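J.: One structure, pasted below without further comment.
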Amino acid sequence: IETAIEAAYNEYPALITRCDAFSDKLYCDAVRAGGVQYAEMLSLAYRQAISAHKCVVDTEGQVLFISKECFSNGCAATVDVSYPSIPLFLLYNPELVRGMLRPIYKFAASDGWKFDYAPHDAGRYPLVTGQRYGRAKDMVLESELLHEGQMPVEECGNMIIMEANLAIAEKNADYAMSHIDVLEGWCKYLIKYGDDPENQLCTDDFAGHLAHNCNLSLKAIMGLQGMSMIMKMLGDEEKSAYYREEAVKMAENWKQTAVNDDGTTRLAFDRPDSYSMKYNMVWDKVWNSGLFGQEFMDAEIADNMKHFNEYGMPLDSRADYTKSDWLVWTASMSSSKEIFEEFIAPLWKAYNDSPSRVPMTDWYDTVSGKWVSFRHRTVQGGLFMRVLMNK
């Protein structure tokens with residue numbers, strides 16, 4: 001330990017110079033993308049999003065970047081926790097995104113996984129030994145995995161979208177190719193069930209099961225679009241066209257069934273006059289895929305602002321609480337920096353005013369500004385979405 005301390009002392013001047021330079025770059029990137037308040041929130045989120053992971057290598061010497069579900073159930077390598085966190089890592093170190101995907105692919109290929117859709121997690125921190133969520137006996141590895149406790153459309157869409165973004169960031173789809181049969185199997189599931197999802201959980205599982213979830217259907221649509229892009233990068237024009245056609249067909253149906261009489265969009269297909277954040281639509285703008293387009297998003301943003309409380313827009317019409325990552329993703333669909341800044345200003349105000357002095361929460365009440373639950377979680381990497389979009 002004395003040798004380690006001496007090495008750290010000697011390396012400090014060079015390392016702190018690099019740290020300061022990166023901190024300045026991050027802040028400037030954020031100011032350009034979304035203003036000073038946005039930059040302050042990203043500076044706060046950066047270390048938290050990283051430190052709630054553990055970086056290790058597997059038996060083949062490959063990087064694993066294992067998330068921990070802080071302040072919930074401690075699940076490790078959770079797909080729908082990785083999904084919101086990726087904007088930060090796509091920006092600054094895409095290999096860490098691959099490190100999130102590896103344990104899920106490995107578990108999905110094992111005898112421990114019996115379903116034709118993607119798993120939710122690969123263990124309970126610190127043991128990455130098989131999915132713990134959705135067991136017959138809560139979190140007990142030896143008990144049966146139940147379909148009723150899974151997030152089929154959610155996790156299939158998440159894995160494909162993450163894989164597509166990794167391919168874009170690295171300008172090749174070689175890693176996707178090494179799992180192409182699995183990815184196509186998950187696409188098959190989305191085509192069959194994603195248009196109008198059955199009663200199942202999504203990543204907002206704290207809000208309970210929901211059938212006909214409009215936002216979950218958006219995830220299926222964007223997953224199929226992501227697969228089209230992967231296939232195009234692999235040179236398979238026929239399959240690229242097929243998945244694009246399926247995405248377009250599903251998007252057109254969505255526009256017909258998710259819209260209220262006044263032109264706004266619903267929480268669920270069978271719930272007129274309800275509303276929700278359509279944060280999964282953000283990839284249509286990031287990828288410039290033209291499935292919904294800016295005019296549609298502008299109308300959605302304008303309606304969203306009608307539902308604001310003092311500390312921002314609720315997640316949906318069921319409750320006053322919201323999620324910081326999804327709020328920023330929704331705001332990122334706006335057509336101007338000014339509208340984006342207006343949308344995220346109440347989020348900054350919530351962190352500044354909140355009487356709940358806890359590590360940066362992603363789940364809080366938009367009326368009181370108080371923490372509801374969740375804190376120091378990796379999902380705050382999602383706040384980097386607007387910077388990613390700019391890049």
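Please note that chains go A, B, ... in the order of the structure tokens, that every chain numbers its residues from 1, and that ligands are numbered from 1 in the order shown.
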DSSP on the backbone: what in range 41-247 of chain A comes out helix (DSSP H, G or I), as a PyMOL selection string?
T.: chain A and resi 41-51+79-92+95-108+147-149+152-170+174-177+180-193+205-207+214-233+237-247
J.: Show me, as CSV, the residues of range 276-343 of chain A having an atom within 8 Å of range 247-267 of chain A, each with the closest atom pair and its distance in Å, using only C-alpha atoms.
T.:
residue,atom,partner,partner_atom,distance
A:Ser276,CA,A:Leu267,CA,4.9
A:Leu291,CA,A:Val248,CA,6.3
A:Phe292,CA,A:Ala251,CA,7.4
A:Ala299,CA,A:Thr264,CA,7.6
A:Glu300,CA,A:Thr264,CA,6.6
A:Asp303,CA,A:Thr264,CA,6.7
A:Asp316,CA,A:Leu267,CA,6.8
A:Ser317,CA,A:Leu267,CA,7.4
J.: List the spatial neighbours of range 350-364 of chain A as a list in words - criterion: any atom at most 8 Å away, only C-alpha atoms, same-chain residues fewer than 3 positions off excluded.
T.: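 Everything that qualifies: Leu44, Ala45, Tyr311, Tyr321, Thr322, Lys323, Ser324, Asp325, Pro346, Leu347, Ser368, Gly369, Lys370, Trp371, Val372, Ser373, Phe374, Arg375, His376, Arg377, Val379 and Gln380 of chain A.
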J.: Produce a table with one row for each residue of range 148-225 of chain A that has an atom at most 8 Å from any atom of range 87-103 of chain A, each row naming the nearest atom pair and its distance in Å at one decimal; use only C-alpha atoms; arrange rows by chain and rising residue number; format as a tab-separated table.
T.:
residue	atom	partner	partner_atom	distance
A:Met159	CA	A:Leu101	CA	7.5
A:Met162	CA	A:Val97	CA	7.7
A:Asn165	CA	A:Leu90	CA	7.6
A:Leu166	CA	A:Pro94	CA	6.4
A:Ala169	CA	A:Leu90	CA	6.4
A:Glu170	CA	A:Pro94	CA	7.3
J.: Output as a list in words all residues of range 76-221 of chain A that backbone DSSP marks as strand (DSSP E or B).
T.: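 Assigned to strand (DSSP E or B), within range 76-221 of chain A: Ala76, Gly123, Arg124, Leu127, Arg135, Leu145, Gln200, Leu210 and Asn213 of chain A.
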J.: Suppose you want the space between CA of Tyr38 in chain A and CA of Leu216 in chain A; what is it in Å?
T.: 27.0 Å
J.: Give me, please, the distance in Å between CA of Ile104 in chain A and CA of Leu64 in chain A, quoted to one decimal.
T.: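 That distance, rounded to one decimal, is 10.4 Å.
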J.: Hey, which of A:Asn172, A:Asn10, A:Ser67, A:Asn309 ends up closest to Gln48 in chain A? Count only C-alpha atoms.
T.: A:Ser67
J.: Could you give me, as a PyMOL selection string, the residues within 10 Å of Ile230 in chain A, counting only C-alpha atoms and dropping anything in the same chain fewer than 4 positions from it?
T.: chain A and resi 160-161+163-168+172-174+176-177+180+224-226+234-236+239-240+243
J.: May I have the selected residues written with N, CA and C atoms, as an mmCIF file, in the first residue's frame?
T.:
data_model
loop_
_atom_site.group_PDB
_atom_site.id
_atom_site.type_symbol
_atom_site.label_atom_id
_atom_site.label_comp_id
_atom_site.auth_asym_id
_atom_site.auth_seq_id
_atom_site.Cartn_x
_atom_site.Cartn_y
_atom_site.Cartn_z
ATOM 1 N N ILE A 160 -31.635 -3.988 -28.600
ATOM 2 C CA ILE A 160 -31.418 -3.682 -30.020
ATOM 3 C C ILE A 160 -31.038 -2.210 -30.205
ATOM 4 N N ILE A 161 -31.719 -1.314 -29.476
ATOM 5 C CA ILE A 161 -31.400 0.116 -29.574
ATOM 6 C C ILE A 161 -29.987 0.388 -29.088
ATOM 7 N N GLU A 163 -27.496 -1.718 -29.097
ATOM 8 C CA GLU A 163 -26.585 -2.305 -30.079
ATOM 9 C C GLU A 163 -26.467 -1.406 -31.305
ATOM 10 N N ALA A 164 -27.577 -0.843 -31.750
ATOM 11 C CA ALA A 164 -27.554 0.053 -32.908
ATOM 12 C C ALA A 164 -26.724 1.300 -32.612
ATOM 13 N N ASN A 165 -26.894 1.857 -31.439
ATOM 14 C CA ASN A 165 -26.130 3.049 -31.077
ATOM 15 C C ASN A 165 -24.643 2.763 -30.934
ATOM 16 N N LEU A 166 -24.310 1.591 -30.421
ATOM 17 C CA LEU A 166 -22.903 1.202 -30.332
ATOM 18 C C LEU A 166 -22.298 1.106 -31.728
ATOM 19 N N ALA A 167 -23.035 0.524 -32.659
ATOM 20 C CA ALA A 167 -22.552 0.413 -34.045
ATOM 21 C C ALA A 167 -22.334 1.794 -34.661
ATOM 22 N N ILE A 168 -23.258 2.722 -34.408
ATOM 23 C CA ILE A 168 -23.118 4.081 -34.940
ATOM 24 C C ILE A 168 -21.889 4.758 -34.335
ATOM 25 N N ASN A 172 -19.097 0.730 -37.106
ATOM 26 C CA ASN A 172 -19.173 -0.630 -37.648
ATOM 27 C C ASN A 172 -20.101 -1.459 -36.767
ATOM 28 N N ALA A 173 -20.662 -2.510 -37.355
ATOM 29 C CA ALA A 173 -21.625 -3.352 -36.646
ATOM 30 C C ALA A 173 -21.058 -4.744 -36.397
ATOM 31 N N ASP A 174 -19.748 -4.842 -36.258
ATOM 32 C CA ASP A 174 -19.114 -6.146 -36.078
ATOM 33 C C ASP A 174 -19.605 -6.854 -34.822
ATOM 34 N N ALA A 176 -22.484 -6.456 -33.290
ATOM 35 C CA ALA A 176 -23.853 -6.901 -33.533
ATOM 36 C C ALA A 176 -23.863 -8.182 -34.360
ATOM 37 N N MET A 177 -22.957 -8.266 -35.321
ATOM 38 C CA MET A 177 -22.885 -9.453 -36.177
ATOM 39 C C MET A 177 -22.604 -10.708 -35.365
ATOM 40 N N ILE A 180 -26.033 -11.799 -34.128
ATOM 41 C CA ILE A 180 -27.098 -11.421 -35.054
ATOM 42 C C ILE A 180 -28.321 -12.324 -34.955
ATOM 43 N N LEU A 224 -36.950 -1.882 -34.040
ATOM 44 C CA LEU A 224 -36.957 -2.388 -35.420
ATOM 45 C C LEU A 224 -36.194 -1.450 -36.351
ATOM 46 N N GLN A 225 -36.337 -0.144 -36.124
ATOM 47 C CA GLN A 225 -35.559 0.813 -36.917
ATOM 48 C C GLN A 225 -34.064 0.633 -36.643
ATOM 49 N N GLY A 226 -33.713 0.409 -35.392
ATOM 50 C CA GLY A 226 -32.315 0.163 -35.044
ATOM 51 C C GLY A 226 -31.764 -1.062 -35.756
ATOM 52 N N LEU A 234 -24.160 -3.786 -42.061
ATOM 53 C CA LEU A 234 -23.592 -5.095 -42.367
ATOM 54 C C LEU A 234 -23.688 -5.437 -43.852
ATOM 55 N N GLY A 235 -24.316 -4.554 -44.633
ATOM 56 C CA GLY A 235 -24.407 -4.764 -46.072
ATOM 57 C C GLY A 235 -25.556 -5.633 -46.520
ATOM 58 N N ASP A 236 -26.492 -5.949 -45.592
ATOM 59 C CA ASP A 236 -27.645 -6.771 -45.946
ATOM 60 C C ASP A 236 -28.827 -5.843 -46.252
ATOM 61 N N LYS A 239 -32.589 -7.327 -45.711
ATOM 62 C CA LYS A 239 -33.088 -7.372 -44.337
ATOM 63 C C LYS A 239 -33.233 -5.972 -43.758
ATOM 64 N N SER A 240 -32.352 -5.068 -44.168
ATOM 65 C CA SER A 240 -32.476 -3.687 -43.720
ATOM 66 C C SER A 240 -33.817 -3.114 -44.167
ATOM 67 N N TYR A 243 -36.808 -4.698 -42.073
ATOM 68 C CA TYR A 243 -37.019 -4.153 -40.733
ATOM 69 C C TYR A 243 -37.491 -2.703 -40.789
#
J.: Out of A:Val31, A:Leu141, A:Leu315, A:Ala118, which residue has the shortest atom-to-atom distance to Ser43 in chain A when counting only C-alpha atoms?
T.: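 Distance minimum relative to Ser43 in chain A lands on A:Val31.
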J.: Please indicate the distance in Å from CA of Arg32 in chain A to CA of Tyr46 in chain A, rounded to one decimal place.
T.: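 Computed distance, CA of Arg32 in chain A to CA of Tyr46 in chain A, equals 17.0 Å.
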J.: What lies within 9 Å of Cys187 in chain A using only C-alpha atoms, ignoring chain neighbours under 3 positions off, as a list in words?
T.: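 Residues near the query, excluding close chain neighbours: Tyr117, Cys156, Gly157, Ile160, Val182, Leu183, Glu184, Leu190, Ile191, Lys192, Ala220, Gly223, Leu224, Met227 and Tyr243 of chain A.
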J.: Mind checking which residues fall within 8 Å of Cys55 in chain A, counting only C-alpha atoms, ignoring those fewer than 4 positions away in the same chain, and posting them as an MDAnalysis selection string?
T.: chainID A and resid 63:66
J.: I need the residue nearest Cys214 in chain A from this list: A:Gly123, A:Gly293, A:Pro272, A:Gly185. Use only C-alpha atoms for the distance.
T.: A:Pro272
J.: Using only C-alpha atoms, determine which residues lie at most 12 Å from Met305 in chain A, disregarding the query and same-chain residues fewer than 6 positions distant; provide the list as a PDB file with N, CA, C and O atoms, in the first residue's frame.
T.:
ATOM      1  N   THR A 264     -53.410  15.294 -29.300  1.00  0.00           N
ATOM      2  CA  THR A 264     -52.362  14.904 -28.354  1.00  0.00           C
ATOM      3  C   THR A 264     -52.295  13.387 -28.265  1.00  0.00           C
ATOM      4  O   THR A 264     -53.171  12.680 -28.767  1.00  0.00           O
ATOM      5  N   TYR A 275     -52.230  11.092 -20.833  1.00  0.00           N
ATOM      6  CA  TYR A 275     -50.992  11.555 -21.463  1.00  0.00           C
ATOM      7  C   TYR A 275     -49.793  10.877 -20.802  1.00  0.00           C
ATOM      8  O   TYR A 275     -49.886  10.331 -19.700  1.00  0.00           O
ATOM      9  N   SER A 276     -48.656  10.921 -21.477  1.00  0.00           N
ATOM     10  CA  SER A 276     -47.400  10.422 -20.912  1.00  0.00           C
ATOM     11  C   SER A 276     -46.238  10.992 -21.706  1.00  0.00           C
ATOM     12  O   SER A 276     -46.407  11.455 -22.837  1.00  0.00           O
ATOM     13  N   MET A 277     -45.063  10.969 -21.102  1.00  0.00           N
ATOM     14  CA  MET A 277     -43.851  11.325 -21.836  1.00  0.00           C
ATOM     15  C   MET A 277     -43.581  10.252 -22.887  1.00  0.00           C
ATOM     16  O   MET A 277     -43.604   9.066 -22.574  1.00  0.00           O
ATOM     17  N   ASP A 298     -42.794  18.449 -32.137  1.00  0.00           N
ATOM     18  CA  ASP A 298     -43.081  19.804 -31.665  1.00  0.00           C
ATOM     19  C   ASP A 298     -44.475  19.885 -31.045  1.00  0.00           C
ATOM     20  O   ASP A 298     -44.678  20.537 -30.011  1.00  0.00           O
ATOM     21  N   ALA A 299     -45.438  19.241 -31.680  1.00  0.00           N
ATOM     22  CA  ALA A 299     -46.806  19.230 -31.151  1.00  0.00           C
ATOM     23  C   ALA A 299     -46.850  18.507 -29.802  1.00  0.00           C
ATOM     24  O   ALA A 299     -47.555  18.924 -28.877  1.00  0.00           O
ATOM     25  N   TYR A 311     -42.224  21.835 -10.560  1.00  0.00           N
ATOM     26  CA  TYR A 311     -40.928  21.177 -10.738  1.00  0.00           C
ATOM     27  C   TYR A 311     -40.899  20.231 -11.936  1.00  0.00           C
ATOM     28  O   TYR A 311     -40.162  19.256 -11.957  1.00  0.00           O
ATOM     29  N   GLY A 312     -41.700  20.542 -12.952  1.00  0.00           N
ATOM     30  CA  GLY A 312     -41.582  19.807 -14.199  1.00  0.00           C
ATOM     31  C   GLY A 312     -42.810  19.004 -14.581  1.00  0.00           C
ATOM     32  O   GLY A 312     -43.851  19.037 -13.917  1.00  0.00           O
ATOM     33  N   MET A 313     -42.663  18.270 -15.656  1.00  0.00           N
ATOM     34  CA  MET A 313     -43.764  17.472 -16.191  1.00  0.00           C
ATOM     35  C   MET A 313     -43.831  16.114 -15.503  1.00  0.00           C
ATOM     36  O   MET A 313     -42.825  15.408 -15.404  1.00  0.00           O
ATOM     37  N   PRO A 314     -45.019  15.694 -15.038  1.00  0.00           N
ATOM     38  CA  PRO A 314     -45.161  14.331 -14.515  1.00  0.00           C
ATOM     39  C   PRO A 314     -44.848  13.292 -15.594  1.00  0.00           C
ATOM     40  O   PRO A 314     -44.991  13.558 -16.784  1.00  0.00           O
ATOM     41  N   LEU A 327     -37.411  12.938 -18.529  1.00  0.00           N
ATOM     42  CA  LEU A 327     -37.742  14.343 -18.748  1.00  0.00           C
ATOM     43  C   LEU A 327     -36.752  14.979 -19.728  1.00  0.00           C
ATOM     44  O   LEU A 327     -37.154  15.686 -20.657  1.00  0.00           O
ATOM     45  N   THR A 330     -37.295  13.605 -23.274  1.00  0.00           N
ATOM     46  CA  THR A 330     -38.460  14.248 -23.886  1.00  0.00           C
ATOM     47  C   THR A 330     -38.114  15.664 -24.327  1.00  0.00           C
ATOM     48  O   THR A 330     -38.429  16.081 -25.456  1.00  0.00           O
ATOM     49  N   ALA A 331     -37.448  16.395 -23.456  1.00  0.00           N
ATOM     50  CA  ALA A 331     -37.034  17.767 -23.793  1.00  0.00           C
ATOM     51  C   ALA A 331     -36.114  17.794 -25.006  1.00  0.00           C
ATOM     52  O   ALA A 331     -36.146  18.746 -25.803  1.00  0.00           O
ATOM     53  N   SER A 334     -37.217  18.594 -28.599  1.00  0.00           N
ATOM     54  CA  SER A 334     -37.630  19.944 -28.980  1.00  0.00           C
ATOM     55  C   SER A 334     -36.795  20.461 -30.143  1.00  0.00           C
ATOM     56  O   SER A 334     -35.663  20.028 -30.365  1.00  0.00           O
ATOM     57  N   ILE A 339     -36.344  26.119 -26.270  1.00  0.00           N
ATOM     58  CA  ILE A 339     -37.440  25.289 -25.763  1.00  0.00           C
ATOM     59  C   ILE A 339     -36.882  24.217 -24.841  1.00  0.00           C
ATOM     60  O   ILE A 339     -37.460  23.921 -23.791  1.00  0.00           O
ATOM     61  N   PHE A 340     -35.747  23.625 -25.226  1.00  0.00           N
ATOM     62  CA  PHE A 340     -35.101  22.631 -24.371  1.00  0.00           C
ATOM     63  C   PHE A 340     -34.804  23.224 -22.996  1.00  0.00           C
ATOM     64  O   PHE A 340     -35.088  22.608 -21.964  1.00  0.00           O
ATOM     65  N   GLU A 342     -36.192  25.729 -21.517  1.00  0.00           N
ATOM     66  CA  GLU A 342     -37.446  25.971 -20.800  1.00  0.00           C
ATOM     67  C   GLU A 342     -37.988  24.681 -20.200  1.00  0.00           C
ATOM     68  O   GLU A 342     -38.517  24.667 -19.080  1.00  0.00           O
ATOM     69  N   PHE A 343     -37.839  23.573 -20.938  1.00  0.00           N
ATOM     70  CA  PHE A 343     -38.374  22.285 -20.495  1.00  0.00           C
ATOM     71  C   PHE A 343     -37.602  21.745 -19.297  1.00  0.00           C
ATOM     72  O   PHE A 343     -38.186  21.157 -18.380  1.00  0.00           O
ATOM     73  N   ILE A 344     -36.275  21.932 -19.275  1.00  0.00           N
ATOM     74  CA  ILE A 344     -35.470  21.343 -18.204  1.00  0.00           C
ATOM     75  C   ILE A 344     -35.249  22.277 -17.019  1.00  0.00           C
ATOM     76  O   ILE A 344     -34.731  21.860 -15.981  1.00  0.00           O
ATOM     77  N   ALA A 345     -35.651  23.553 -17.141  1.00  0.00           N
ATOM     78  CA  ALA A 345     -35.454  24.507 -16.041  1.00  0.00           C
ATOM     79  C   ALA A 345     -36.118  24.038 -14.734  1.00  0.00           C
ATOM     80  O   ALA A 345     -35.512  24.173 -13.653  1.00  0.00           O
ATOM     81  N   PRO A 346     -37.337  23.472 -14.769  1.00  0.00           N
ATOM     82  CA  PRO A 346     -37.935  23.001 -13.520  1.00  0.00           C
ATOM     83  C   PRO A 346     -37.175  21.832 -12.888  1.00  0.00           C
ATOM     84  O   PRO A 346     -37.234  21.639 -11.668  1.00  0.00           O
TER      85      PRO A 346
END
